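*Asks:* Below is the structure I would like to discuss, written out as structure tokens.
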Amino acid sequence: MSTEENKTIIRRFIEAADTHNVGLAVFAIGVMDVALMLWIPLIWKYTFSPSSGLLDFPLLSASPNPLATWLQSVFIGAILVVRGAFIYTRRPKIVKGLILTALSAILTLISMISFTSLDVNLSLASFIIALVLFVV
Amino acid sequence: MEIITAFFGIIGSLIPVIFFITVWYWMKYNELDNSELKSSAKWRVTGYSVLLMATWFTCGIFSYPSFIFRPEQANLDYAKPIAYVAMILFFIGFLFLLIGERKAYLTGKQTKTEATKR
């Protein structure tokens, strides 16, 4: 298949995609992120394992950086939920909305990872850029 | 006074729930409303989300990773930058709310003026 044909297929797919469904999917991923990394670990701690730390929750402890994984939950959850709502209300085009959402989420993740290694400057810089991309 | 961690855990996890429901209703409202007020609502919801981030950072001062209330675990290397960022986020969040309210006021004023002229 040629590059042109691929582009046409992608363009048709994007045109066919309903902004409502794409927006709702991004919204749902945000809620799931917070559920898996915040709500379920809290329920686990207070009901099943009061003596353990939150970061001992299997899903968090399995992460290469449990603290950054825990910290990102609300930030990336909020970013995905709000940007999902923006896509739903057709503010940005779907592709632009998805790209901005992904960039914002990745930069927030970089910010959290650098923060846990106490690289405050990199953390702050990437967080500010993520915030700007989130607001745009 | 004893620190009941469950109190902070339960209320802290309810805050994002309330926020998500707020965004949900904002999203649904935007589907119905086609007026210029949508722009001001966008500023407001962005302000709320920045305030949520500020709240989450504030939580990080008292709980993971700073534990400022527990001297045996306390880590000021985390607490100090978190305190600065939280303050900046609170400022930005309230600034966005101000912009949103001002936009709503100006839009309402303009609509009223146009209606009077007719």
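Following the order of the structure tokens, chains are lettered A, B, ..., residues in each are numbered from 1, and ligands are numbered from 1.
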Using 10 Å as the limit and counting only C-alpha atoms, can you tabulate each residue of chain B that touches chain A, with its shortest atom-to-atom distance in Å and the two atoms involved, as a Markdown table?
*Replies:*
| residue | atom | partner | partner_atom | distance |
| --- | --- | --- | --- | --- |
| B:Thr5 | CA | A:Tyr46 | CA | 9.3 |
| B:Ala6 | CA | A:Tyr46 | CA | 7.0 |
| B:Gly9 | CA | A:Leu42 | CA | 6.8 |
| B:Ile10 | CA | A:Leu42 | CA | 8.1 |
| B:Gly12 | CA | A:Trp39 | CA | 9.6 |
| B:Ser13 | CA | A:Trp39 | CA | 6.3 |
| B:Leu14 | CA | A:Trp39 | CA | 8.9 |
| B:Pro16 | CA | A:Val74 | CA | 7.4 |
| B:Val17 | CA | A:Val31 | CA | 8.8 |
| B:Phe19 | CA | A:Ala78 | CA | 8.5 |
| B:Phe20 | CA | A:Val81 | CA | 7.1 |
| B:Val23 | CA | A:Val82 | CA | 6.7 |
| B:Trp24 | CA | A:Ala85 | CA | 7.4 |
| B:Tyr25 | CA | A:Ala85 | CA | 9.7 |
| B:Trp26 | CA | A:Ala85 | CA | 8.2 |
| B:Met27 | CA | A:Ala85 | CA | 5.4 |
| B:Lys28 | CA | A:Thr89 | CA | 8.3 |
| B:Tyr29 | CA | A:Thr89 | CA | 9.4 |
| B:Asn30 | CA | A:Thr89 | CA | 6.3 |
| B:Glu31 | CA | A:Thr89 | CA | 6.2 |
| B:Leu32 | CA | A:Thr89 | CA | 9.8 |
| B:Lys38 | CA | A:Thr89 | CA | 9.9 |
| B:Ser39 | CA | A:Arg91 | CA | 9.9 |
| B:Lys42 | CA | A:Phe86 | CA | 8.4 |
| B:Trp43 | CA | A:Val135 | CA | 8.7 |
| B:Val45 | CA | A:Val82 | CA | 7.8 |
| B:Thr46 | CA | A:Val135 | CA | 6.8 |
| B:Gly47 | CA | A:Val135 | CA | 9.3 |
| B:Tyr48 | CA | A:Ala78 | CA | 9.8 |
| B:Ser49 | CA | A:Ala78 | CA | 6.3 |
| B:Val50 | CA | A:Leu131 | CA | 8.5 |
| B:Leu52 | CA | A:Ala78 | CA | 7.9 |
| B:Met53 | CA | A:Phe75 | CA | 6.0 |
| B:Ala54 | CA | A:Phe75 | CA | 9.6 |
| B:Thr55 | CA | A:Val74 | CA | 9.9 |
| B:Trp56 | CA | A:Val74 | CA | 7.0 |
| B:Phe57 | CA | A:Leu71 | CA | 8.7 |
| B:Gly60 | CA | A:Leu71 | CA | 8.3 |
| B:Tyr64 | CA | A:Leu67 | CA | 8.0 |
| B:Pro65 | CA | A:Leu67 | CA | 7.6 |
| B:Asp77 | CA | A:Leu118 | CA | 7.4 |
| B:Tyr78 | CA | A:Leu118 | CA | 7.4 |
| B:Pro81 | CA | A:Val120 | CA | 7.2 |
| B:Ile82 | CA | A:Phe115 | CA | 9.5 |
| B:Val85 | CA | A:Leu124 | CA | 8.1 |
| B:Leu89 | CA | A:Leu131 | CA | 9.8 |
*Asks:* To one decimal in Å, tell me the separation between CA of Ala79 in chain B and CA of Thr58 in chain B.
*Replies:* 9.2 Å
*Asks:* Identify, with DSSP run on backbone atoms, the residues in chain A assigned to helix (DSSP H, G or I), and express the list as a tab-separated table (two decimals) with N, CA and C atoms, in the first residue's frame.
*Replies:*
chain	number	residue	atom	x	y	z
A	3	THR	N	2.06	5.28	0.37
A	3	THR	CA	1.93	6.26	1.45
A	3	THR	C	0.66	7.09	1.28
A	4	GLU	N	0.38	7.43	0.00
A	4	GLU	CA	-0.80	8.25	-0.29
A	4	GLU	C	-2.09	7.53	0.12
A	5	GLU	N	-2.10	6.21	-0.21
A	5	GLU	CA	-3.28	5.41	0.16
A	5	GLU	C	-3.44	5.34	1.68
A	6	ASN	N	-2.31	5.15	2.36
A	6	ASN	CA	-2.35	5.12	3.83
A	6	ASN	C	-2.91	6.42	4.39
A	7	LYS	N	-2.43	7.54	3.82
A	7	LYS	CA	-2.89	8.85	4.29
A	7	LYS	C	-4.39	9.00	4.08
A	8	THR	N	-4.86	8.52	2.91
A	8	THR	CA	-6.29	8.62	2.61
A	8	THR	C	-7.11	7.81	3.61
A	9	ILE	N	-6.62	6.60	3.92
A	9	ILE	CA	-7.33	5.75	4.89
A	9	ILE	C	-7.39	6.43	6.26
A	10	ILE	N	-6.25	6.98	6.68
A	10	ILE	CA	-6.20	7.65	7.99
A	10	ILE	C	-7.16	8.85	7.99
A	11	ARG	N	-7.14	9.64	6.86
A	11	ARG	CA	-8.00	10.81	6.77
A	11	ARG	C	-9.48	10.41	6.86
A	12	ARG	N	-9.83	9.34	6.14
A	12	ARG	CA	-11.22	8.86	6.16
A	12	ARG	C	-11.63	8.39	7.56
A	13	PHE	N	-10.67	7.70	8.23
A	13	PHE	CA	-10.94	7.21	9.58
A	13	PHE	C	-11.22	8.39	10.52
A	14	ILE	N	-10.38	9.43	10.39
A	14	ILE	CA	-10.54	10.60	11.27
A	14	ILE	C	-11.86	11.31	10.99
A	15	GLU	N	-12.18	11.41	9.69
A	15	GLU	CA	-13.44	12.08	9.33
A	15	GLU	C	-14.65	11.30	9.85
A	16	ALA	N	-14.51	9.96	9.83
A	16	ALA	CA	-15.62	9.13	10.27
A	16	ALA	C	-15.75	9.10	11.80
A	19	THR	N	-16.66	12.92	17.16
A	19	THR	CA	-15.96	13.65	18.23
A	19	THR	C	-16.49	13.26	19.60
A	20	HIS	N	-17.80	12.98	19.66
A	20	HIS	CA	-18.39	12.61	20.95
A	20	HIS	C	-17.73	11.34	21.50
A	21	ASN	N	-17.61	10.32	20.63
A	21	ASN	CA	-17.05	9.04	21.10
A	21	ASN	C	-15.58	9.16	21.45
A	22	VAL	N	-14.83	9.90	20.61
A	22	VAL	CA	-13.40	10.07	20.89
A	22	VAL	C	-13.23	10.82	22.21
A	23	GLY	N	-14.00	11.89	22.39
A	23	GLY	CA	-13.95	12.67	23.62
A	23	GLY	C	-14.28	11.82	24.84
A	24	LEU	N	-15.33	11.02	24.72
A	24	LEU	CA	-15.74	10.16	25.83
A	24	LEU	C	-14.67	9.11	26.15
A	25	ALA	N	-14.01	8.60	25.10
A	25	ALA	CA	-12.95	7.60	25.31
A	25	ALA	C	-11.79	8.22	26.09
A	26	VAL	N	-11.38	9.45	25.69
A	26	VAL	CA	-10.27	10.14	26.40
A	26	VAL	C	-10.68	10.42	27.85
A	27	PHE	N	-11.93	10.87	28.02
A	27	PHE	CA	-12.48	11.13	29.36
A	27	PHE	C	-12.39	9.86	30.21
A	28	ALA	N	-12.83	8.73	29.63
A	28	ALA	CA	-12.86	7.46	30.37
A	28	ALA	C	-11.46	6.99	30.75
A	29	ILE	N	-10.48	7.21	29.85
A	29	ILE	CA	-9.10	6.80	30.17
A	29	ILE	C	-8.59	7.60	31.39
A	30	GLY	N	-8.95	8.89	31.44
A	30	GLY	CA	-8.57	9.74	32.58
A	30	GLY	C	-9.15	9.21	33.87
A	31	VAL	N	-10.44	8.85	33.85
A	31	VAL	CA	-11.09	8.34	35.07
A	31	VAL	C	-10.45	7.01	35.48
A	32	MET	N	-10.15	6.16	34.48
A	32	MET	CA	-9.54	4.85	34.79
A	32	MET	C	-8.15	5.02	35.40
A	33	ASP	N	-7.40	6.01	34.89
A	33	ASP	CA	-6.06	6.27	35.43
A	33	ASP	C	-6.14	6.58	36.92
A	34	VAL	N	-7.07	7.49	37.27
A	34	VAL	CA	-7.21	7.87	38.68
A	34	VAL	C	-7.74	6.68	39.49
A	35	ALA	N	-8.65	5.91	38.92
A	35	ALA	CA	-9.20	4.75	39.64
A	35	ALA	C	-8.11	3.73	39.96
A	36	LEU	N	-7.28	3.43	38.96
A	36	LEU	CA	-6.26	2.39	39.14
A	36	LEU	C	-5.12	2.84	40.04
A	37	MET	N	-4.75	4.12	39.94
A	37	MET	CA	-3.56	4.58	40.65
A	37	MET	C	-3.86	5.32	41.95
A	38	LEU	N	-5.12	5.70	42.17
A	38	LEU	CA	-5.44	6.44	43.40
A	38	LEU	C	-6.55	5.76	44.21
A	39	TRP	N	-7.73	5.62	43.61
A	39	TRP	CA	-8.87	5.12	44.39
A	39	TRP	C	-8.68	3.67	44.82
A	40	ILE	N	-8.30	2.79	43.90
A	40	ILE	CA	-8.16	1.37	44.25
A	40	ILE	C	-7.02	1.16	45.27
A	41	PRO	N	-5.83	1.80	45.08
A	41	PRO	CA	-4.80	1.66	46.13
A	41	PRO	C	-5.27	2.13	47.51
A	42	LEU	N	-6.08	3.23	47.54
A	42	LEU	CA	-6.58	3.73	48.83
A	42	LEU	C	-7.55	2.73	49.46
A	43	ILE	N	-8.45	2.18	48.64
A	43	ILE	CA	-9.41	1.18	49.15
A	43	ILE	C	-8.63	-0.05	49.66
A	44	TRP	N	-7.64	-0.45	48.87
A	44	TRP	CA	-6.82	-1.62	49.24
A	44	TRP	C	-6.14	-1.37	50.59
A	45	LYS	N	-5.58	-0.18	50.76
A	45	LYS	CA	-4.86	0.11	52.00
A	45	LYS	C	-5.80	0.12	53.21
A	46	TYR	N	-6.92	0.83	53.09
A	46	TYR	CA	-7.77	1.00	54.26
A	46	TYR	C	-8.67	-0.19	54.56
A	47	THR	N	-8.86	-1.07	53.59
A	47	THR	CA	-9.73	-2.22	53.87
A	47	THR	C	-8.95	-3.54	54.01
A	48	PHE	N	-7.93	-3.73	53.20
A	48	PHE	CA	-7.26	-5.04	53.20
A	48	PHE	C	-5.89	-5.02	53.86
A	54	LEU	N	0.92	2.97	50.81
A	54	LEU	CA	0.13	3.02	49.56
A	54	LEU	C	0.94	2.52	48.37
A	55	LEU	N	2.24	2.82	48.40
A	55	LEU	CA	3.07	2.45	47.25
A	55	LEU	C	3.36	0.94	47.21
A	56	ASP	N	2.94	0.22	48.28
A	56	ASP	CA	3.10	-1.25	48.28
A	56	ASP	C	1.98	-1.94	47.50
A	58	PRO	N	0.13	-3.66	44.75
A	58	PRO	CA	0.81	-4.42	43.68
A	58	PRO	C	1.01	-3.66	42.36
A	59	LEU	N	-0.03	-2.96	41.91
A	59	LEU	CA	0.07	-2.27	40.62
A	59	LEU	C	1.11	-1.14	40.68
A	60	LEU	N	1.16	-0.44	41.82
A	60	LEU	CA	2.12	0.66	41.96
A	60	LEU	C	3.54	0.12	42.19
A	61	SER	N	3.64	-0.91	43.03
A	61	SER	CA	4.99	-1.44	43.31
A	61	SER	C	5.60	-2.13	42.08
A	66	PRO	N	7.38	3.78	41.40
A	66	PRO	CA	6.05	3.80	42.03
A	66	PRO	C	5.60	5.21	42.45
A	67	LEU	N	6.55	6.02	42.94
A	67	LEU	CA	6.17	7.36	43.41
A	67	LEU	C	5.67	8.24	42.26
A	68	ALA	N	6.41	8.20	41.13
A	68	ALA	CA	5.99	9.00	39.97
A	68	ALA	C	4.66	8.49	39.43
A	69	THR	N	4.46	7.17	39.48
A	69	THR	CA	3.20	6.59	39.00
A	69	THR	C	2.05	7.06	39.88
A	70	TRP	N	2.30	7.08	41.19
A	70	TRP	CA	1.27	7.55	42.15
A	70	TRP	C	0.99	9.04	41.94
A	71	LEU	N	2.06	9.83	41.80
A	71	LEU	CA	1.89	11.29	41.67
A	71	LEU	C	1.16	11.67	40.38
A	72	GLN	N	1.45	10.93	39.29
A	72	GLN	CA	0.86	11.32	38.01
A	72	GLN	C	-0.66	11.13	37.96
A	73	SER	N	-1.18	10.26	38.86
A	73	SER	CA	-2.59	9.85	38.71
A	73	SER	C	-3.55	11.04	38.56
A	74	VAL	N	-3.53	11.96	39.50
A	74	VAL	CA	-4.50	13.06	39.45
A	74	VAL	C	-4.16	14.05	38.33
A	75	PHE	N	-2.86	14.31	38.12
A	75	PHE	CA	-2.48	15.27	37.07
A	75	PHE	C	-2.92	14.78	35.69
A	76	ILE	N	-2.49	13.57	35.36
A	76	ILE	CA	-2.82	13.06	34.02
A	76	ILE	C	-4.31	12.75	33.93
A	77	GLY	N	-4.90	12.31	35.05
A	77	GLY	CA	-6.36	12.08	35.07
A	77	GLY	C	-7.11	13.36	34.73
A	78	ALA	N	-6.71	14.47	35.38
A	78	ALA	CA	-7.39	15.76	35.14
A	78	ALA	C	-7.17	16.21	33.70
A	79	ILE	N	-5.93	16.06	33.20
A	79	ILE	CA	-5.62	16.48	31.83
A	79	ILE	C	-6.48	15.69	30.83
A	80	LEU	N	-6.54	14.37	31.01
A	80	LEU	CA	-7.29	13.55	30.05
A	80	LEU	C	-8.79	13.84	30.13
A	81	VAL	N	-9.30	14.00	31.34
A	81	VAL	CA	-10.74	14.25	31.49
A	81	VAL	C	-11.14	15.59	30.86
A	82	VAL	N	-10.36	16.64	31.16
A	82	VAL	CA	-10.72	17.96	30.64
A	82	VAL	C	-10.52	18.02	29.12
A	83	ARG	N	-9.41	17.47	28.64
A	83	ARG	CA	-9.18	17.50	27.19
A	83	ARG	C	-10.17	16.60	26.45
A	84	GLY	N	-10.58	15.52	27.11
A	84	GLY	CA	-11.63	14.67	26.54
A	84	GLY	C	-12.92	15.46	26.40
A	85	ALA	N	-13.22	16.26	27.43
A	85	ALA	CA	-14.42	17.11	27.37
A	85	ALA	C	-14.29	18.16	26.28
A	86	PHE	N	-13.08	18.70	26.09
A	86	PHE	CA	-12.86	19.69	25.02
A	86	PHE	C	-13.11	19.05	23.65
A	87	ILE	N	-12.58	17.82	23.46
A	87	ILE	CA	-12.76	17.13	22.18
A	87	ILE	C	-14.26	16.85	21.98
A	88	TYR	N	-14.92	16.43	23.04
A	88	TYR	CA	-16.35	16.12	22.99
A	88	TYR	C	-17.15	17.34	22.51
A	94	ILE	N	-10.25	16.73	16.20
A	94	ILE	CA	-9.90	15.49	16.91
A	94	ILE	C	-8.39	15.27	16.95
A	95	VAL	N	-7.73	15.38	15.80
A	95	VAL	CA	-6.29	15.08	15.75
A	95	VAL	C	-5.51	16.08	16.61
A	96	LYS	N	-5.84	17.37	16.44
A	96	LYS	CA	-5.15	18.39	17.23
A	96	LYS	C	-5.38	18.13	18.73
A	97	GLY	N	-6.62	17.82	19.08
A	97	GLY	CA	-6.96	17.56	20.48
A	97	GLY	C	-6.19	16.38	21.03
A	98	LEU	N	-6.11	15.30	20.25
A	98	LEU	CA	-5.41	14.09	20.72
A	98	LEU	C	-3.91	14.34	20.85
A	99	ILE	N	-3.35	15.08	19.88
A	99	ILE	CA	-1.90	15.37	19.94
A	99	ILE	C	-1.57	16.22	21.18
A	100	LEU	N	-2.38	17.27	21.41
A	100	LEU	CA	-2.14	18.13	22.56
A	100	LEU	C	-2.29	17.35	23.87
A	101	THR	N	-3.29	16.47	23.91
A	101	THR	CA	-3.51	15.65	25.11
A	101	THR	C	-2.31	14.75	25.37
A	102	ALA	N	-1.85	14.07	24.30
A	102	ALA	CA	-0.73	13.14	24.46
A	102	ALA	C	0.54	13.87	24.89
A	103	LEU	N	0.83	15.01	24.23
A	103	LEU	CA	2.03	15.77	24.58
A	103	LEU	C	1.98	16.25	26.03
A	104	SER	N	0.82	16.75	26.40
A	104	SER	CA	0.65	17.26	27.76
A	104	SER	C	0.84	16.14	28.79
A	105	ALA	N	0.26	14.97	28.50
A	105	ALA	CA	0.38	13.83	29.42
A	105	ALA	C	1.84	13.35	29.51
A	106	ILE	N	2.51	13.27	28.36
A	106	ILE	CA	3.91	12.78	28.36
A	106	ILE	C	4.81	13.75	29.15
A	107	LEU	N	4.61	15.06	28.91
A	107	LEU	CA	5.44	16.04	29.62
A	107	LEU	C	5.18	16.01	31.12
A	108	THR	N	3.92	15.78	31.51
A	108	THR	CA	3.61	15.68	32.94
A	108	THR	C	4.32	14.47	33.54
A	109	LEU	N	4.31	13.38	32.79
A	109	LEU	CA	4.99	12.17	33.25
A	109	LEU	C	6.50	12.41	33.40
A	110	ILE	N	7.09	13.09	32.41
A	110	ILE	CA	8.53	13.43	32.49
A	110	ILE	C	8.78	14.30	33.74
A	111	SER	N	7.84	15.25	33.96
A	111	SER	CA	7.97	16.14	35.11
A	111	SER	C	7.97	15.34	36.42
A	112	MET	N	7.05	14.38	36.53
A	112	MET	CA	6.95	13.59	37.75
A	112	MET	C	8.19	12.71	37.96
A	113	ILE	N	8.67	12.12	36.85
A	113	ILE	CA	9.84	11.24	36.96
A	113	ILE	C	11.07	12.05	37.37
A	114	SER	N	11.25	13.24	36.76
A	114	SER	CA	12.41	14.05	37.13
A	114	SER	C	12.25	14.62	38.54
A	115	PHE	N	11.00	14.84	38.96
A	115	PHE	CA	10.78	15.35	40.32
A	115	PHE	C	11.19	14.31	41.37
A	116	THR	N	10.88	13.03	41.10
A	116	THR	CA	11.23	11.99	42.07
A	116	THR	C	12.75	11.79	42.15
A	120	VAL	N	14.65	19.34	40.11
A	120	VAL	CA	13.52	20.28	40.20
A	120	VAL	C	13.40	21.16	38.95
A	121	ASN	N	14.54	21.59	38.40
A	121	ASN	CA	14.49	22.49	37.23
A	121	ASN	C	13.82	21.84	36.03
A	122	LEU	N	14.27	20.61	35.71
A	122	LEU	CA	13.67	19.89	34.58
A	122	LEU	C	12.19	19.61	34.85
A	123	SER	N	11.91	19.24	36.10
A	123	SER	CA	10.54	18.92	36.48
A	123	SER	C	9.63	20.14	36.29
A	124	LEU	N	10.11	21.29	36.77
A	124	LEU	CA	9.31	22.52	36.68
A	124	LEU	C	9.12	22.94	35.22
A	125	ALA	N	10.22	22.87	34.44
A	125	ALA	CA	10.15	23.28	33.03
A	125	ALA	C	9.15	22.41	32.26
A	126	SER	N	9.26	21.09	32.43
A	126	SER	CA	8.35	20.21	31.70
A	126	SER	C	6.91	20.36	32.20
A	127	PHE	N	6.74	20.64	33.49
A	127	PHE	CA	5.38	20.82	34.02
A	127	PHE	C	4.73	22.08	33.45
A	128	ILE	N	5.53	23.16	33.33
A	128	ILE	CA	4.99	24.41	32.79
A	128	ILE	C	4.58	24.22	31.32
A	129	ILE	N	5.45	23.55	30.55
A	129	ILE	CA	5.10	23.31	29.13
A	129	ILE	C	3.84	22.44	29.04
A	130	ALA	N	3.77	21.42	29.92
A	130	ALA	CA	2.58	20.55	29.92
A	130	ALA	C	1.33	21.36	30.21
A	131	LEU	N	1.45	22.29	31.16
A	131	LEU	CA	0.31	23.12	31.56
A	131	LEU	C	-0.13	24.03	30.41
A	132	VAL	N	0.87	24.58	29.69
A	132	VAL	CA	0.55	25.45	28.55
A	132	VAL	C	-0.18	24.64	27.47
A	133	LEU	N	0.35	23.45	27.17
A	133	LEU	CA	-0.29	22.59	26.15
A	133	LEU	C	-1.69	22.16	26.58
A	134	PHE	N	-1.86	22.00	27.88
A	134	PHE	CA	-3.16	21.61	28.42
A	134	PHE	C	-4.18	22.74	28.25
A	135	VAL	N	-3.72	23.96	28.46
A	135	VAL	CA	-4.63	25.12	28.43
A	135	VAL	C	-4.98	25.52	26.99
*Asks:* One decimal, Å: what's the distance from CA of Ala74 in chain B over to CA of Ile3 in chain B, could you say?
*Replies:*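 Spanning CA of Ala74 in chain B to CA of Ile3 in chain B is a straight-line distance of 15.1 Å.
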*Asks:* At a cut-off of 10 Å, using only C-alpha atoms, what residues contact Glu36 in chain B? Leave out same-chain residues fewer than 2 positions from it and give the result as a list in words.
*Replies:*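 The residues that qualify are Asp33, Asn34, Lys38, Ser39, Ser40, Ala41, Lys103, Ala104, Thr107, Gly108 and Thr111 of chain B.
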*Asks:* Would you mind reading off the distance between CA of Phe69 in chain B and CA of Phe8 in chain B, one decimal, in Å?
*Replies:*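 That distance, rounded to one decimal, is 12.9 Å.
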